[in-house]
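Peer 1: Dropping in target36.pdb, which is PDB, C-alpha atoms:
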```pdb
MODEL        1
ATOM      1  CA  MET A 565     155.363  66.066  58.896
ATOM      2  CA  ASN A 566     152.487  67.617  56.914
ATOM      3  CA  PHE A 567     150.070  65.947  59.314
ATOM      4  CA  ILE A 568     151.727  67.680  62.315
ATOM      5  CA  LEU A 569     151.656  71.071  60.505
ATOM      6  CA  ILE A 570     147.956  70.648  59.746
ATOM      7  CA  LYS A 571     147.252  69.892  63.447
ATOM      8  CA  ILE A 572     149.243  72.944  64.575
ATOM      9  CA  LEU A 573     147.433  75.130  62.025
ATOM     10  CA  ARG A 574     144.024  73.841  63.165
ATOM     11  CA  TYR A 575     145.015  74.492  66.780
ATOM     12  CA  ARG A 576     146.090  78.078  65.932
ATOM     13  CA  ILE A 577     142.902  78.706  63.947
ATOM     14  CA  THR A 578     140.766  77.355  66.822
ATOM     15  CA  VAL A 579     142.642  79.442  69.403
ATOM     16  CA  SER A 580     142.414  82.530  67.155
ATOM     17  CA  PHE A 581     138.677  81.963  66.685
ATOM     18  CA  VAL A 582     138.091  81.586  70.448
ATOM     19  CA  VAL A 583     140.148  84.712  71.218
ATOM     20  CA  MET A 584     138.304  86.682  68.506
ATOM     21  CA  MET A 585     134.889  85.586  69.867
ATOM     22  CA  ALA A 586     135.912  86.506  73.409
ATOM     23  CA  LEU A 587     136.982  89.953  72.248
ATOM     24  CA  MET A 588     133.719  90.443  70.348
ATOM     25  CA  CYS A 589     131.628  89.367  73.347
ATOM     26  CA  GLY A 590     133.676  91.621  75.587
ATOM     27  CA  SER A 591     133.041  94.521  73.203
ATOM     28  CA  CYS A 592     129.292  93.805  73.262
ATOM     29  CA  ASP A 593     129.321  93.825  77.066
ATOM     30  CA  SER A 594     131.184  97.111  77.004
ATOM     31  CA  ILE A 595     128.652  98.616  74.573
ATOM     32  CA  ASN A 596     125.737  97.267  76.659
ATOM     33  CA  ASN A 597     127.271  98.746  79.809
ATOM     34  CA  GLN A 598     127.654 102.103  78.066
ATOM     35  CA  ASN A 599     124.020 101.977  76.906
ATOM     36  CA  THR A 600     122.915 101.124  80.454
ATOM     37  CA  ASP A 601     124.956 104.024  81.813
ATOM     38  CA  ILE A 602     123.439 106.389  79.231
ATOM     39  CA  ASN A 603     119.884 105.203  80.005
ATOM     40  CA  GLN A 604     120.436 105.500  83.742
ATOM     41  CA  SER A 605     121.883 108.988  83.372
ATOM     42  CA  LYS A 606     118.521 110.114  81.979
ATOM     43  CA  LEU A 607     116.927 109.196  85.326
ATOM     44  CA  ILE A 608     119.181 111.438  87.364
ATOM     45  CA  PRO A 609     117.111 114.124  89.081
ATOM     46  CA  VAL A 610     117.695 117.717  88.071
ATOM     47  CA  GLY A 611     117.777 118.529  91.781
ATOM     48  CA  THR A 612     117.451 116.995  95.235
ATOM     49  CA  ALA A 613     116.173 118.959  98.234
ATOM     50  CA  PHE A 614     116.079 117.982 101.894
ATOM     51  CA  ASN A 615     113.486 118.773 104.588
ATOM     52  CA  ILE A 616     111.195 120.539 102.141
ATOM     53  CA  ASN A 617     108.027 122.472 102.926
ATOM     54  CA  PHE A 618     105.926 123.303  99.810
ATOM     55  CA  ILE A 619     102.864 125.513 100.092
ATOM     56  CA  TYR A 620     100.227 125.136  97.345
ATOM     57  CA  THR A 621      97.863 128.056  96.830
ATOM     58  CA  ASP A 622      94.901 128.814  94.595
ATOM     59  CA  SER A 623      93.652 132.399  94.279
ATOM     60  CA  ALA A 624      95.828 133.447  97.262
ATOM     61  CA  ARG A 625      94.235 130.768  99.465
ATOM     62  CA  VAL A 626      96.396 127.978 100.925
ATOM     63  CA  GLU A 627      95.092 124.650  99.633
ATOM     64  CA  ALA A 628      97.813 122.281 100.846
ATOM     65  CA  ILE A 629     101.190 122.056 102.550
ATOM     66  CA  LEU A 630     103.559 119.251 101.588
ATOM     67  CA  LYS A 631     106.427 118.249 103.896
ATOM     68  CA  ALA A 632     109.080 115.636 103.118
ATOM     69  CA  PRO A 633     112.606 114.709 104.231
ATOM     70  CA  VAL A 634     113.791 114.187 100.618
ATOM     71  CA  HIS A 635     112.427 115.582  97.346
ATOM     72  CA  GLN A 636     113.879 114.537  93.983
ATOM     73  CA  ASP A 637     112.914 116.687  90.999
ATOM     74  CA  TYR A 638     112.651 114.920  87.619
ATOM     75  CA  SER A 639     111.282 117.910  85.676
ATOM     76  CA  ASN A 640     114.114 117.343  83.162
ATOM     77  CA  LEU A 641     112.222 114.357  81.690
ATOM     78  CA  GLY A 642     109.514 114.437  79.039
ATOM     79  CA  PHE A 643     107.016 113.057  81.576
ATOM     80  CA  GLU A 644     108.097 115.163  84.530
ATOM     81  CA  TYR A 645     107.480 114.124  88.110
ATOM     82  CA  SER A 646     108.698 114.536  91.683
ATOM     83  CA  GLU A 647     109.741 111.614  93.874
ATOM     84  CA  PHE A 648     109.627 111.372  97.657
ATOM     85  CA  PRO A 649     111.655 108.231  98.431
ATOM     86  CA  GLU A 650     111.565 108.677 102.221
ATOM     87  CA  GLY A 651     107.876 109.506 102.500
ATOM     88  CA  LEU A 652     105.792 112.642 102.788
ATOM     89  CA  GLU A 653     103.063 114.368 104.746
ATOM     90  CA  ILE A 654     100.387 116.522 103.105
ATOM     91  CA  ILE A 655      97.987 118.827 104.923
ATOM     92  CA  PHE A 656      94.881 119.624 102.861
ATOM     93  CA  TYR A 657      92.593 122.512 103.744
ATOM     94  CA  ASP A 658      88.914 122.325 102.893
ATOM     95  CA  SER A 659      86.752 125.347 102.047
ATOM     96  CA  ASP A 660      86.087 125.920 105.787
ATOM     97  CA  GLY A 661      89.814 125.878 106.621
ATOM     98  CA  ASN A 662      89.729 122.454 108.302
ATOM     99  CA  GLU A 663      92.964 120.469 108.175
ATOM    100  CA  ASN A 664      93.014 116.943 106.713
ATOM    101  CA  TYR A 665      96.250 114.911 106.744
ATOM    102  CA  VAL A 666      97.775 112.348 104.414
ATOM    103  CA  TYR A 667     100.868 110.321 105.310
ATOM    104  CA  ALA A 668     102.762 107.919 103.037
ATOM    105  CA  ASN A 669     106.144 106.176 103.215
ATOM    106  CA  TYR A 670     106.747 106.793  99.486
ATOM    107  CA  GLY A 671     105.256 109.113  96.912
ATOM    108  CA  LEU A 672     105.319 110.367  93.341
ATOM    109  CA  ILE A 673     103.686 113.554  92.093
ATOM    110  CA  TYR A 674     103.076 113.917  88.361
ATOM    111  CA  ASN A 675     103.369 117.674  87.947
ATOM    112  CA  ARG A 676     101.447 118.322  84.719
ATOM    113  CA  MET A 677      98.587 115.966  85.558
ATOM    114  CA  ARG A 678      98.463 117.158  89.203
ATOM    115  CA  ILE A 679      98.127 113.561  90.412
ATOM    116  CA  ALA A 680      99.897 112.145  93.455
ATOM    117  CA  ASP A 681     100.675 108.429  93.686
ATOM    118  CA  LEU A 682     101.030 107.687  97.417
ATOM    119  CA  GLN A 683     102.366 104.273  98.430
ATOM    120  CA  LYS A 684     103.351 102.097 101.397
ATOM    121  CA  GLY A 685     101.438 102.632 104.606
ATOM    122  CA  VAL A 686      99.149 105.396 103.339
ATOM    123  CA  ARG A 687      96.924 107.030 105.991
ATOM    124  CA  LEU A 688      94.345 109.729 105.368
ATOM    125  CA  LEU A 689      93.052 111.441 108.524
ATOM    126  CA  SER A 690      90.043 113.731 108.189
ATOM    127  CA  HIS A 691      89.363 116.673 110.506
ATOM    128  CA  ASN A 692      86.145 114.935 111.632
ATOM    129  CA  GLY A 693      87.978 111.799 112.840
ATOM    130  CA  ALA A 694      87.518 109.592 109.766
ATOM    131  CA  GLN A 695      90.530 107.522 108.771
ATOM    132  CA  LEU A 696      91.405 105.673 105.571
ATOM    133  CA  THR A 697      94.383 103.291 105.374
ATOM    134  CA  THR A 698      95.702 101.490 102.296
ATOM    135  CA  GLU A 699      98.950 100.572 100.547
ATOM    136  CA  GLN A 700      98.388 102.836  97.540
ATOM    137  CA  LEU A 701      96.218 105.880  97.005
ATOM    138  CA  TYR A 702      95.984 108.207  94.003
ATOM    139  CA  TRP A 703      95.049 111.812  94.686
ATOM    140  CA  ASP A 704      93.774 114.003  91.833
ATOM    141  CA  SER A 705      94.270 117.516  93.216
ATOM    142  CA  LYS A 706      92.676 119.218  90.203
ATOM    143  CA  ASN A 707      89.364 117.387  90.619
ATOM    144  CA  LYS A 708      89.716 116.900  94.411
ATOM    145  CA  TRP A 709      89.234 113.169  93.948
ATOM    146  CA  LEU A 710      90.975 110.095  95.366
ATOM    147  CA  PHE A 711      91.001 106.474  94.261
ATOM    148  CA  THR A 712      92.688 103.139  94.839
ATOM    149  CA  GLU A 713      92.479  99.630  93.433
ATOM    150  CA  GLU A 714      94.153  98.222  96.568
ATOM    151  CA  PRO A 715      92.431  96.824  99.680
ATOM    152  CA  PHE A 716      91.593  99.603 102.143
ATOM    153  CA  ASN A 717      90.107 100.190 105.578
ATOM    154  CA  PHE A 718      87.783 103.111 106.351
ATOM    155  CA  GLU A 719      86.518 104.011 109.780
ATOM    156  CA  ASN A 720      84.736 106.860 111.517
ATOM    157  CA  GLU A 721      82.289 107.023 114.420
ATOM    158  CA  ASP A 722      79.563 105.236 112.405
ATOM    159  CA  PHE A 723      81.475 102.893 110.088
ATOM    160  CA  ASN A 724      84.363 100.448 110.183
ATOM    161  CA  PHE A 725      84.773  98.439 107.002
ATOM    162  CA  ASP A 726      87.345  96.942 104.673
ATOM    163  CA  GLY A 727      86.994  97.081 100.941
ATOM    164  CA  ILE A 728      88.686  96.673  97.610
ATOM    165  CA  ARG A 729      88.690  99.575  95.146
ATOM    166  CA  LEU A 730      87.597 103.048  96.169
ATOM    167  CA  ASP A 731      86.668 106.036  94.049
ATOM    168  CA  ALA A 732      85.692 109.023  96.215
ATOM    169  CA  SER A 733      85.489 112.767  96.570
ATOM    170  CA  ARG A 734      87.936 114.264  99.051
ATOM    171  CA  ASP A 735      85.294 114.665 101.780
ATOM    172  CA  PHE A 736      83.729 111.215 101.073
ATOM    173  CA  SER A 737      80.359 112.845 100.351
ATOM    174  CA  ASN A 738      80.329 110.928  97.058
ATOM    175  CA  TYR A 739      82.019 107.543  96.642
ATOM    176  CA  GLN A 740      81.900 104.187  94.916
ATOM    177  CA  SER A 741      83.529 101.014  96.115
ATOM    178  CA  GLY A 742      83.964  97.373  95.268
ATOM    179  CA  GLU A 743      83.293  94.590  97.762
ATOM    180  CA  LEU A 744      82.837  95.824 101.355
ATOM    181  CA  VAL A 745      83.102  93.881 104.617
ATOM    182  CA  GLY A 746      82.604  95.528 108.007
ATOM    183  CA  SER A 747      80.223  96.981 110.521
ATOM    184  CA  LEU A 748      77.772  99.848 110.615
ATOM    185  CA  PHE A 749      76.767 101.330 113.961
ATOM    186  CA  VAL A 750      73.031 102.003 114.220
ATOM    187  CA  GLN A 751      71.370 103.635 117.203
ATOM    188  CA  ASP A 752      68.165 101.962 118.379
ATOM    189  CA  GLN A 753      65.127 104.191 118.716
ATOM    190  CA  GLU A 754      62.290 103.741 121.198
ATOM    191  CA  PRO A 755      59.006 102.819 119.516
ATOM    192  CA  SER A 756      56.411 105.573 119.628
ATOM    193  CA  ASP A 757      53.205 104.956 121.636
ATOM    194  CA  SER A 758      51.094 107.171 119.456
ATOM    195  CA  LEU A 759      50.404 106.737 115.797
ATOM    196  CA  ASP A 760      49.418 109.626 113.631
ATOM    197  CA  ILE A 761      46.826 108.380 111.155
ATOM    198  CA  ASP A 762      44.964 110.692 108.891
ATOM    199  CA  GLU A 763      41.324 109.740 108.770
TER     200      GLU A 763
ENDMDL
END
```
The structure in this file should be written as structure tokens.
Peer 2:
Amino acid sequence: MNFILIKILRYRITVSFVVMMALMCGSCDSINNQNTDINQSKLIPVGTAFNINFIYTDSARVEAILKAPVHQDYSNLGFEYSEFPEGLEIIFYDSDGNENYVYANYGLIYNRMRIADLQKGVRLLSHNGAQLTTEQLYWDSKNKWLFTEEPFNFENEDFNFDGIRLDASRDFSNYQSGELVGSLFVQDQEPSDSLDIDE
């Protein structure tokens, strides 16, 4: 009889232990879910705007116009930024008033640093017909500088080349690049019949 009581007691202790462990694990999951909810709530934008049209000026002169179907404002975070999950278009004006366009299917703008992180199908079209395409392009609006570590293609009437890594001024008057592959169009010149030789 004592043997049967010991077996029943062991069974009850085992069942009690299993139930207690299940409850503890369930409580941990509940706490983890609450922590996840709290962490995710910090990433809720302070505001969302649709079909936006921002105009950036400097000394009463229009420098850029930004258009986007959706703008999410995360200025409530310590490292504030704006997100453009459905893409954006930016029109930049140079000192002569020429329009240059940038298109991207996704973008982030870090407000304090004044840097835009443009991603997915990025195209930069210059007023003079030059075009740059890449999958990611950083634009430093304060220093009027752009750069990428991704493969890119650049073409204008004289050049058509692919490269990896680009660090350039906005008008491409000053740039550095990694490995380049492509073509350069050179116009042949007729040889001159006369030679000027100082005697």
Peer 1: Take atom CA of A:Asn675 and atom CA of A:Ser639 and report the distance between them in Å, one decimal.
Peer 2: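 Atom CA of A:Ser639 lies 8.2 Å from atom CA of A:Asn675.
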Peer 1: Could you expand the PyMOL selection byres ((chain A and resi 699-703) around 8) into the explicit residues it covers here, written as a VMD selection string?
Peer 2: chain A and resid 679 to 686 697 to 698 704 to 705 708 to 716
Peer 1: Save the residues we just selected, C-alpha atoms, as a CSV table (one decimal), keeping the file's coordinate frame?
Peer 2:
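Okay, this is what ended up in result.csv:
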```
chain,number,residue,atom,x,y,z
A,679,ILE,CA,98.1,113.6,90.4
A,680,ALA,CA,99.9,112.1,93.5
A,681,ASP,CA,100.7,108.4,93.7
A,682,LEU,CA,101.0,107.7,97.4
A,683,GLN,CA,102.4,104.3,98.4
A,684,LYS,CA,103.4,102.1,101.4
A,685,GLY,CA,101.4,102.6,104.6
A,686,VAL,CA,99.1,105.4,103.3
A,697,THR,CA,94.4,103.3,105.4
A,698,THR,CA,95.7,101.5,102.3
A,704,ASP,CA,93.8,114.0,91.8
A,705,SER,CA,94.3,117.5,93.2
A,708,LYS,CA,89.7,116.9,94.4
A,709,TRP,CA,89.2,113.2,93.9
A,710,LEU,CA,91.0,110.1,95.4
A,711,PHE,CA,91.0,106.5,94.3
A,712,THR,CA,92.7,103.1,94.8
A,713,GLU,CA,92.5,99.6,93.4
A,714,GLU,CA,94.2,98.2,96.6
A,715,PRO,CA,92.4,96.8,99.7
A,716,PHE,CA,91.6,99.6,102.1
```
Peer 1: With all atoms listed in the file as the atoms that count, which of A:Ser623, A:Ile673, A:Arg729, A:Asn615 lies nearest to A:Phe643?
Peer 2: A:Ile673
Peer 1: Tell me, as a list in words, which residues lie within 6 Å of A:Tyr657, counting all atoms listed in the file; anything in the same chain fewer than 5 positions away does not count.
Peer 2: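 Non-adjacent residues within range: Glu627, Ala628, Asn662 and Glu663 of chain A.
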Peer 1: Quick check on the file I pasted: which residues fall under the PyMOL selection byres ((chain A and resi 693) around 10)? Write them as a count of residues only.
Peer 2: 10
